[in-house]
Amino acid sequence: MWSRFAKLILHNRIIILSIIAIITAFMIYQAKDLKLDYNYASLLPKTNKYYIEFEEFKEKFGADANMTIIGVKDEHFFELNKFNDWINLQDSIKTIRGVKSVLSLANAVDIVKNADEKKFNINEIFGAKIKTQQELDSLSKIFKSRPFYKGLIYNDSTHVVLMVVTMEETLVNSKYREKPMEKMEELATSFGETYHLDMHFSGLPFTRNKISLLIRSELFMFIFLAMFVTSVILYMFFRSFKVVFFSMLIVGIGVSWVIGTMGIFDYKITILTGMIPPLIIVIGIPNSVYLLNKYHNEYKQHGNKIKALYTIIMKVGNATFLTNLTTALGFATFIVTQNKILVEFGVIASLNILGVFILSITLIPIFFSYLSPPKDRHIKHLDYKYVHFFIDKLVHVVNNHRKLIYGVVGLIVFLGIYGTTLIKTEGYIIDDIPHDNPVYVDLKFLENNIGGVMPLEITIDTKKKKGVYQYKNLKKMDKLINELKKYPDLSKPTSIIDALKFTRQAYYNGQLKSYKLPSKNELAFILPYLPKKGENKNFNAMNAFVDSIGQIARISYRLNDIGTIKTKALTDSIHSDIEKIFPPEKYNTSATGSSIIFGLGTSFLVKNLMQSLTLAIVLIAFFMATMFTSLRMIIISLIPNFIPLLFTAAIMGYFGIPIKPSTVLVFSIAFGISVDNAIHFLAKYRQELVVTKGNIHDAAILALRETGVSIIYTASILFFGFGIFMVSEFGGTKALGMLVSITLFIAMLSNLILLPTLLLSLKHTVRIKKTNKTLYS
C-alpha cells in the first residue's frame, strides 16, 4: 500500500501541490468570519436537570450574571464635591450603550408614608445635585438609617460603596461589550484618580470580558512562540535553514486548515480552541523530524535522493500514520464529554492532526525532491556524539541494570499510587487568573468588604397563585433567611422579605427599630399602600423578586468564590435547610445560579473527562492489537506509557495541583502523544526482528539505536513546545503546559529504557507474528 502511495506522490507532484494550494485557499476564505466566543459556556449538558432548572429561573426572572460591580473604599465618601461627582459618574454610566440600569447611593430611594392618600411615596433620597455639605450630611443620615441598603450597595463598617451596573444580556454575550466595558472602567478610574482612590471592578460580565481579551492576545503570542521554539530546536538538530523553513511552512499550512475547519463548522474561538494552532505546530513538527531523519539516514547509505524519498514514505508512512492516529484519538475522545467547548476542541484538534499528517507525508517528499541533495553538514546530526553517547548509555543500562530499572519503576508506581490518593477535584470560577491580576485582586476585595459577587438564587414555588403573599409563606421565607445567616460565605440576601421590612419601617415613619417583617395584621394595612405593578419605576422590588402571578418567590444571594468542594457542601446544606422549612411535598424549591452551575459543571466535566481517558486507552490498545497478535506484546507496549501518567498524577497529588477541567485534559493528550514513541520503537523492532531472524535481543537493541535519536529529537520539541503554555496568564493553561511537558519527558525515558527492558526480560515468552509485511513496508 505505502509503496503505491509513494509512487503516487512522487509521480504527481504538481497536481498534489495544486490540490493542497486550493484547499488552503478555501480554508483561509472560510476563516474570514471567525469570531471570539463571548458567551458563558455552561459545563453541563442541556439535558441536565440542574441546567434546565437554571434556564427556567432565567426565563422567569432574567439573567443572574449580567451585573458589573464598581466598588470604592473611602471613610470620607460623603464629602460634597466627591459625592456630586459620584452622581455625575452614575449619570455618565447610564448613557453608555447597553446599560439597562444603575443602582448606587446616588439613586437610592426612600419610602415615605402618605397617610392622607393611603399610599407610599417613593422618592430618591439624594435626588439631584447636592448644594451644601449640611444638606448632604442630613440626607446621608437618612440613608444610613435604612438597613435595606446595608450590604447591598454600602457597608458602614468597612466604608465600602458599590455601584451595580446591569447590562443588556445580548450585549454581554457579544463582542460589542468591549467598548462599553472599557468606557465604564475609564469613567470610574477617572473618578478614582481625581480623589486618589483605588477603584475595584468585578461581576461576571466584567470578568468574562477581561478573560476574552486575554485569550485573544495569547492566541497570537502562542503561535509565534510555537514557531520560534520549534524552529530553534529544529535548526539545532539539523543545522539546515531549508529543513526549518519547509517544516514551518507545512505546519503553517496546517494552522490555516485549523482556522478554516473552525469556520466550516461555525465554531468560535474559545480558551481551548485558541490553543489548537500552536498545538498543531508542536505536534506536527515531529512528523517532519521522523521523515527527515529517515531521509538523511537513507541518503547517507546510498546517496540516491529520489530513492531515499521513496523509502521514507514506504517505510515510515504507516508508523507515522498510526502515531498521528493515536494522537488524534487522544483528542477525539473529548467528543464524548457532552460539553460544547470540549466537543469543539476534540473535533477540530483530531481532524487537523490527521490533516497535518497528510501535509507532512506528501509535502516533505515533494519539497525535498525539488531541492538539492543534503550535504555532509546536513546529515552530520546523525553522528552527534552527545546523542550517541546518551544512546550508548541507555543500551548499557538496558543490558546490564534491569533490576535497577525495575526497582526504580516499582518505586515510582508505589509513590505514584499513594500520590494519586492525595489528589482533590477542585475548581474556582476565576482561579485560572494569577492572584496578582487586578480581576482577582478586586474580586477578593469585594468578598472581604461587602460579600461575594457570584450569583446564588433560591426559588420557592408555593404551587398557588398569589401563594407568595400568604403570611405563613412569608414567615417561612423570613425564617429561612435567618437560618442561612450562619453561612459566612453568603452575602446579605435581597428578596420580597427585605422589601416588606422596608415598607414596615416606612409605615412607622422611618423608625430604625421598625425594620422587620410586618405581622399578619400589619400586612393587611401595608399592602394597600404598595404601588401597583409598573406604577413606580423607582421601586420595583416586588416585581423583581416575585413572578407575575405571585406564585414563585426569589431570594438572591452573592456567594464567595470558595471552590467546587466547599460550594457543593454549602449547597447540600442549604438544600437541607430549605427542605426543613419548605417540605418537598408542599413546595417546589431550588438553589441555582451561575456559582452552583459552575460547581456542578466542573464535577460533571471531570467525570466525563476520566471516561474519555479510559476510552482513549481502549481505542489505542485496539490499534496496538492491529500491530501485534500477542496480548503480552500489547501489554508491554502500554505499560511504559502508563508510568508517565502515574508519575504526573503523583506530582499533582504531592504538590496540591487539583483535578479540574484544565488539568484532567493532560492525561488524554499526553497518553495519545506518548504512545507514539512506543509505536515507532516497536515498528522498527518488528522490522529488525525479521532481519535478525527472530533474535529479540539484537532486534530490540538495533531498534533502540535507530529510533532513539528521533525519539529524543521529538521529545525535546514536544517538551519545549508544550512548555510555551507555561507563560500563559491562565493558571489552567500554565498547568496544562507544565504537566504535559513533564509527562512527555518521562514517557521518552520510559519508552527508551523500560520498553526495551521488558522486551529483553520477556524474550522467551513474547513472540511477534512473522511476516514480510512490516510496518515499514
# chains A, B, ... in the order shown; residues from 1 in each chain; ligands from 1

$ residues_around --residues "A:Asp110" --least-positions-apart "5" --cutoff "12 Å" --atoms "only C-alpha atoms" --output "ChimeraX atom specification"
/A:105,120-127,139-140,142-149,499,502-503,505-507,509-510,538-539

$ residues_around --residues "stretch 71-77 of chain A" --least-positions-apart "6" --cutoff "9 Å" --atoms "only C-alpha atoms" --output "NGL selection string"
:A and (83 or 153 or 158-164 or 192 or 197-202 or 442 or 445-446 or 449)

$ residues_around --residues "A:Phe220" --least-positions-apart "4" --cutoff "10 Å" --atoms "only C-alpha atoms" --output "PyMOL selection string"
chain A and resi 215-216+224-226+274-275+277-278

$ write_last_selection --atoms "C-alpha atoms" --output "PDB file, in the first residue's frame"
ATOM      1  CA  ILE A 215      -7.488  34.785  25.208  1.00  0.00           C
ATOM      2  CA  ARG A 216      -7.248  36.916  22.082  1.00  0.00           C
ATOM      3  CA  PHE A 224       4.622  32.976  17.476  1.00  0.00           C
ATOM      4  CA  LEU A 225       6.255  31.183  20.431  1.00  0.00           C
ATOM      5  CA  ALA A 226       5.479  27.742  18.981  1.00  0.00           C
ATOM      6  CA  GLY A 274      -7.471  29.026  20.751  1.00  0.00           C
ATOM      7  CA  MET A 275      -4.763  26.559  21.838  1.00  0.00           C
ATOM      8  CA  PRO A 277      -2.974  26.379  16.260  1.00  0.00           C
ATOM      9  CA  PRO A 278       0.145  26.256  18.490  1.00  0.00           C
TER      10      PRO A 278
END

$ residues_around --residues "A:Gly427" --least-positions-apart "3" --cutoff "7 Å" --atoms "only C-alpha atoms" --output "PyMOL selection string"
chain A and resi 563-564+602+660

$ write_last_selection --atoms "N, CA and C atoms" --output "CSV table (one decimal), in the first residue's frame"
chain,number,residue,atom,x,y,z
A,563,GLY,N,-14.6,27.7,45.8
A,563,GLY,CA,-14.2,26.4,45.2
A,563,GLY,C,-15.3,25.4,45.1
A,564,THR,N,-15.2,24.5,44.2
A,564,THR,CA,-16.3,23.5,44.0
A,564,THR,C,-16.5,22.6,45.2
A,602,THR,N,-18.3,21.6,36.8
A,602,THR,CA,-16.9,21.1,36.9
A,602,THR,C,-16.8,19.7,37.3
A,660,LYS,N,-9.1,19.4,37.7
A,660,LYS,CA,-10.1,20.3,37.3
A,660,LYS,C,-10.1,20.2,35.7

$ residues_around --residues "stretch 383-398 of chain A" --least-positions-apart "6" --cutoff "12 Å" --atoms "only C-alpha atoms" --output "PyMOL selection string"
chain A and resi 236-239+293+296-297+300+376-377+404-406+697-698+700-713+748-761

$ residues_around --residues "A:Ile717" --least-positions-apart "2" --cutoff "7 Å" --atoms "only C-alpha atoms" --output "ChimeraX atom specification"
/A:230,233,282,713-715,719-721

$ closest_residue --among "A:Leu570, A:Ile52, A:Ala591, A:Ile746" --to "A:Val409" --atoms "only C-alpha atoms"
A:Ile746

$ residues_around --residues "A:Val675" --least-positions-apart "5" --cutoff "9 Å" --atoms "only C-alpha atoms" --output "PyMOL selection string"
chain A and resi 323+326-327+620+637-638+640-641+670+680+747+751

$ write_last_selection --atoms "N, CA and C atoms" --output "PDB file, in the first residue's frame"
ATOM      1  N   THR A 323       0.935   6.804  14.574  1.00  0.00           N
ATOM      2  CA  THR A 323       1.240   7.737  15.667  1.00  0.00           C
ATOM      3  C   THR A 323       0.315   8.944  15.630  1.00  0.00           C
ATOM      4  N   THR A 326      -3.206   7.767  16.793  1.00  0.00           N
ATOM      5  CA  THR A 326      -3.351   7.625  18.243  1.00  0.00           C
ATOM      6  C   THR A 326      -3.403   8.999  18.927  1.00  0.00           C
ATOM      7  N   THR A 327      -2.606   9.944  18.424  1.00  0.00           N
ATOM      8  CA  THR A 327      -2.657  11.306  18.970  1.00  0.00           C
ATOM      9  C   THR A 327      -4.030  11.926  18.729  1.00  0.00           C
ATOM     10  N   ILE A 620      -6.682   3.056  21.760  1.00  0.00           N
ATOM     11  CA  ILE A 620      -5.265   2.948  21.402  1.00  0.00           C
ATOM     12  C   ILE A 620      -4.773   1.511  21.573  1.00  0.00           C
ATOM     13  N   SER A 637       3.651  -2.901  25.371  1.00  0.00           N
ATOM     14  CA  SER A 637       3.694  -1.611  24.688  1.00  0.00           C
ATOM     15  C   SER A 637       2.967  -0.517  25.455  1.00  0.00           C
ATOM     16  N   LEU A 638       1.977  -0.892  26.284  1.00  0.00           N
ATOM     17  CA  LEU A 638       1.181   0.102  27.011  1.00  0.00           C
ATOM     18  C   LEU A 638       1.774   0.454  28.375  1.00  0.00           C
ATOM     19  N   PRO A 640       4.860   1.102  29.518  1.00  0.00           N
ATOM     20  CA  PRO A 640       5.742   2.274  29.595  1.00  0.00           C
ATOM     21  C   PRO A 640       5.015   3.600  29.445  1.00  0.00           C
ATOM     22  N   ASN A 641       3.795   3.562  28.908  1.00  0.00           N
ATOM     23  CA  ASN A 641       3.048   4.810  28.717  1.00  0.00           C
ATOM     24  C   ASN A 641       2.033   5.058  29.829  1.00  0.00           C
ATOM     25  N   ALA A 670      -1.591  13.664  26.729  1.00  0.00           N
ATOM     26  CA  ALA A 670      -0.240  13.108  26.890  1.00  0.00           C
ATOM     27  C   ALA A 670      -0.190  11.634  26.512  1.00  0.00           C
ATOM     28  N   HIS A 680       6.697   3.896  17.170  1.00  0.00           N
ATOM     29  CA  HIS A 680       7.897   3.998  16.324  1.00  0.00           C
ATOM     30  C   HIS A 680       8.952   2.973  16.743  1.00  0.00           C
ATOM     31  N   ALA A 747       7.763   9.987  29.543  1.00  0.00           N
ATOM     32  CA  ALA A 747       7.374   8.989  28.538  1.00  0.00           C
ATOM     33  C   ALA A 747       8.544   8.658  27.619  1.00  0.00           C
ATOM     34  N   ASN A 751       9.939   4.891  27.388  1.00  0.00           N
ATOM     35  CA  ASN A 751       9.944   4.128  26.144  1.00  0.00           C
ATOM     36  C   ASN A 751      11.351   3.765  25.681  1.00  0.00           C
TER      37      ASN A 751
END

$ closest_residue --among "A:Leu10, A:Asn66, A:Ala332, A:Ile581" --to "A:Ile312" --atoms "only C-alpha atoms"
A:Leu10

$ atom_distance --atom1 "atom CA of A:Lys131" --atom2 "atom CA of A:Leu80"
7.8 Å

$ closest_residue --among "A:Met624, A:Gln551, A:Asp85, A:Lys7" --to "A:Ile636" --atoms "only C-alpha atoms"
A:Met624

$ select_by_dssp --residues "stretch 94-208 of chain A" --states "alpha helix (DSSP H)" --output "count of residues only"
39

$ atom_distance --atom1 "atom CA of A:Thr592" --atom2 "atom CA of A:Leu456"
5.9 Å

$ closest_residue --among "A:Gly419, A:Pro205, A:Pro584, A:Gly593" --to "A:Ile69" --atoms "only C-alpha atoms"
A:Pro205

$ atom_distance --atom1 "atom CA of A:Ile264" --atom2 "atom CA of A:Val343"
15.2 Å
